[in-house]
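*Asks:* This is the structure I have questions about; it appears just below.
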Amino acid sequence: MPKRPSLAESVRAGRRATRVTASAAAGFYPAAYVLDQPVTAVYALFTPIAFGLLSPVPGSGRRRALTVLRALPAAAVLTAAGTALAVQTWSAVAGMLVVGFVLMFGSVCGPRLAGTVPGLQLFYILACFPPFAPQTLPERLTGVAIGGAALVLCEVAVLPDPPDPSYGERIADTLDLAARATRALTRTDGPEPGQAGRLRAAGRGLRFSQQPVGARPTGAGRADRALAQAGSATRRLVDQLAALTETHSAPSDTASQNLLHGTAAACAETAGALRRSRPAAGPELIEELIEQFLGSRDGDPTDRAPRPHQVLRRQSTVLTIAVSAVTVRTAVALALDGRRPVHGLPREQFWYARTPTVRLFTIRLTGNLTRRSVVFQNALRSALGLALARLVAGSLDLSHGFWVLLTVLTLGRTTAGAAWSAVRAAVVGTMAGALAAGVLLIGAGQSTEVYAYLLVPMMLIAFAVGPLEGPAWAQGLFTLVVSTAFAQIAPVTWRLAEMRVLDVLTGSAVGLLCGVLAWPFGARAETRRSMTALLESAAPVVRATAAAATGDGPAGRGDAARQAVRLTLHRLRIAEGSYAQYRTEPSAAAREPEPDYLAALNFGSRVLVGAYWLPRTDRPPGLPPAALQWARRVSEEAATAVVRAADFPPGGIRVRLTPPPTLPPGVPPRVLSLLTDIEVWLNALAADLRTSTSPGPGPRTTRSPAPRRPHREPAGPEPPRSRPWGRRGGR
């Protein structure tokens, strides 16, 4: 049963309906009654509907107004293209195929472009139908300009929505919590009760699924990429802090104490920089503290006894927390000042820092130009559906045939089941609306004054109730709106409602046919395939990272390792896109519990972080044969477990990694620290594997349509390797 809208959602819908109604009326009435230009009136009416209702642009009033203002030139171009291509059915169909695919696929570049895509498609749809009248292009463009200007003004002045908290502000709040938790770890009384739970809850709050659409940094530009990476690293930071908090014991060495203090200061400083919207100035103390920590941990043990293994594990965990803090701070600096150089850090991790903007967008597009990308699938499905609808409407010479395409546009879903549900509700709603419209048209006849008085309240009700109550209410009320509007432009009879029903039925049939034939099961199967591909590509990275960290094998292996890292990054982005859509689709009850795909994504991220940070710039010392043999064996065990996990076997997998060997006295501390770092990393990977393959409840049904949440893609050519903070290879 659909979830009832909350009071906040109802208020927001009412505000939006008021703005769209006011802007539509402000353009429609003067054009129809003062200028006596019916073509201008139609476009002035549909422009606010396109940008304000069909594709509501996310963000505050000012940001929405700017987005609409920037989209108006594209709307004018599409109107002109549709007007020119309406000369023949085949040219209009070809244009619809190209426009539909380019706009839908291009939406992968950012949420604001994605938000305007359905509205932009509507401008081509309106203009590409007969009669072929290129002489009316000035009137059409005038209507687009009037309607767009009215909507821009209303977005700013008429009941503007308050801005949502930005993603940067949410990161800043989480970093403040992390700073307090880190300071608590250095005190003898320890953290407050429930601190670990609050840290994990804050990390979950940074997931994109928990953010308003307009606040998600999913664009292809440098700032969005950096902010998304900062959010991911912050989630990892608080999860690591939570784990350390649960096993709290006051650090026994000064270096760990100092590093925790420096981490807390770095978190607080980064939070302040996000709130001030400018990079923090001053010395980068955290890097110096990491250097000191490594020097103390790996130094000559002449005056001290070997440290217990538990202390080594704690020190390794403290180091991973500090590394996460450095990653957050660097990503935030790149988000606020993209020209900031990245010194001494893994360049592969911040590959986008010096990449030209055009190249970043090209990488985003080419990375998703594969049939395994749900972005590509959605774009192709939508384009084919709209082109087929235009062909049917043109071949059957349907009056008001653009309603056929509008139906396909609004009822398109990513699964056949969801499409059938939407079509069924829309047909029922349209027939009810057509019946009411027929009664109105018969009763009012040619009295345009009646329609003029009724249009505004009908729009207000339709635009407020339709988006909240689903396709039945939306189609039924919109039928009343278009009937009332067209009755003021040209003489109509009750047969207008009949044509509306016929067009909606035709569009519903086309949309349902495309839903059945083109990827009818949505992202469920694609998500499993992409997760399998991610795990399969990660296994070689695990082996290569352990070999690089221990200096095992020929130096030339680095090129193959970098190729494996790039492939894993590419597959991680594809898997993220599939999972994002999967979480928005209504899911039927699975025959068996499904894996925890989010844990699989976390595993992929953790593999890449280890590949970036574990190897050092200086070669490790010669490891004893027992240590080297253990590193080979345990990395092979982990890689083998990854390959087994890729099949997501029923009942999950069990991962038992061989513990480090007991080494003879006199082994350099750096060797012990290196083995501990590898052990901690591989154990974390094993935990993610166990979680991801453990049967759990599948995702619940949501009311959202197919998502427009593009994700990042492979890095492309990488700069020379640079590893941070080696014993003698630091900054």
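Chains: A, B, ... in order of the structure tokens. Residues: from 1 per chain. Ligands: from 1, in order shown.
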Quick one: residues within 9 Å of Arg64 of chain A, only C-alpha atoms, excluding same-chain residues fewer than 4 positions away - as number ranges by chain?
*Replies:* A: 56-60, 68-69, 112, 152, 155-156
*Asks:* Between atom CA of Ala485 of chain A and atom CA of Pro48 of chain A, what is the distance in Å, rounded to a tenth?
*Replies:*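 For atom CA of Ala485 of chain A relative to atom CA of Pro48 of chain A, the distance reads 14.2 Å.
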*Asks:* Set the distance at 8 Å and use only C-alpha atoms: which residues neighbour segment 167-181 of chain A once local chain neighbours fewer than 5 positions away are removed? I'd like the list as a ChimeraX atom specification.
*Replies:* /A:191,195,199,202-203,206,211,215-217,227,230-231,234,237-238,241,263-265,267-268,270-272,274-275
*Asks:* Could those selected residues go to a file with C-alpha atoms, as a compact mmCIF listing (two decimals), in the first residue's frame?
*Replies:*
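What follows is the written file selection06.txt:
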# COMPACT_ATOMS: atom_id res chain seq x y z
CA PRO A 191 34.02 8.08 25.28
CA GLN A 195 29.11 7.25 21.17
CA LEU A 199 28.99 7.84 14.94
CA ALA A 202 25.95 10.01 11.39
CA GLY A 203 27.77 7.97 8.75
CA LEU A 206 25.68 10.92 4.71
CA GLN A 211 19.86 13.41 1.00
CA ALA A 215 21.83 18.20 -2.26
CA ARG A 216 23.53 15.13 -3.76
CA PRO A 217 26.94 15.89 -5.28
CA LEU A 227 32.56 16.56 -2.28
CA ALA A 230 34.78 13.74 1.07
CA GLY A 231 31.43 12.27 2.09
CA THR A 234 33.87 10.83 6.25
CA LEU A 237 36.22 7.81 9.22
CA VAL A 238 33.26 7.63 11.60
CA LEU A 241 36.12 5.64 15.02
CA THR A 263 43.11 13.97 13.78
CA ALA A 264 40.56 15.72 15.98
CA ALA A 265 42.04 19.10 15.06
CA CYS A 267 38.33 17.18 11.55
CA ALA A 268 37.36 20.41 13.31
CA THR A 270 37.85 20.83 7.86
CA ALA A 271 34.35 21.33 9.28
CA GLY A 272 35.08 25.02 9.71
CA LEU A 274 33.18 23.76 4.81
CA ARG A 275 31.06 26.25 6.72
*Asks:* Pick the closest to Leu53 of chain A from A:Ala684, A:Leu334, A:Leu440, A:Leu468: which is it, counting only C-alpha atoms?
*Replies:*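 Closest to Leu53 of chain A, using only C-alpha atoms: A:Leu468.
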*Asks:* Just asking: which residues within segment 150-381 of chain A are helix (DSSP H, G or I) according to DSSP, as number ranges by chain?
*Replies:* A: 150-157, 167-185, 195-205, 208-210, 213-215, 222-246, 254-276, 285-297, 309-336, 357-367, 374-381
*Asks:* Could you name the residues that touch Arg543 of chain A at 12 Å or less, counting only C-alpha atoms, but leaving out those on the same chain fewer than 3 positions away, as a ChimeraX atom specification?
*Replies:* /A:537-540,546-550,552-553,557-558,560-561,564-565,607,610-611,631-642,678,682
*Asks:* Would you compute the distance between atom CA of Val680 of chain A and atom CA of Ala599 of chain A? Give it in Å to one decimal.
*Replies:*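 Computing the Euclidean distance for atom CA of Val680 of chain A and atom CA of Ala599 of chain A yields 17.4 Å.
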*Asks:* Restricting the calculation to only C-alpha atoms: of A:Ala646, A:Val609, A:Leu185, A:Val671, which residue gets closest to Ala627 of chain A?
*Replies:*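 Among the listed residues, the smallest separation from Ala627 of chain A belongs to A:Val671.
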*Asks:* Using only C-alpha atoms, can you tell me which of A:Ala228, A:Leu628, A:Ala487, A:Val404 comes closest to Leu502 of chain A?
*Replies:* A:Val404
*Asks:* Near Leu601 of chain A, counting only C-alpha atoms, which residues have an atom at most 12 Å away, once you skip same-chain residues fewer than 5 positions from it, shown as a count of residues only?
*Replies:* 33
*Asks:* If we count only C-alpha atoms, what is near segment 511-518 of chain A at a cut-off of 7 Å, once residues fewer than 2 positions away on the same chain are taken out, given as a PyMOL selection string?
*Replies:* chain A and resi 381+385+408+412+414-416+419-420+507-509+520
*Asks:* Could you check the closest approach to Gly95 of chain A for each of A:Arg235, A:Arg390, A:Arg16, A:Arg359 and tell me which residue wins, using only C-alpha atoms?
*Replies:* A:Arg390
*Asks:* Record the distance separating atom CA of Gly622 of chain A and atom CA of Pro659 of chain A, expressed in Å with one decimal.
*Replies:*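 Atom-to-atom, atom CA of Gly622 of chain A to atom CA of Pro659 of chain A, that is 20.0 Å.
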*Asks:* Which is closest to Gln563 of chain A among A:Ala626, A:Ala525, A:Ala544, A:Leu122, if we use only C-alpha atoms?
*Replies:* A:Ala544
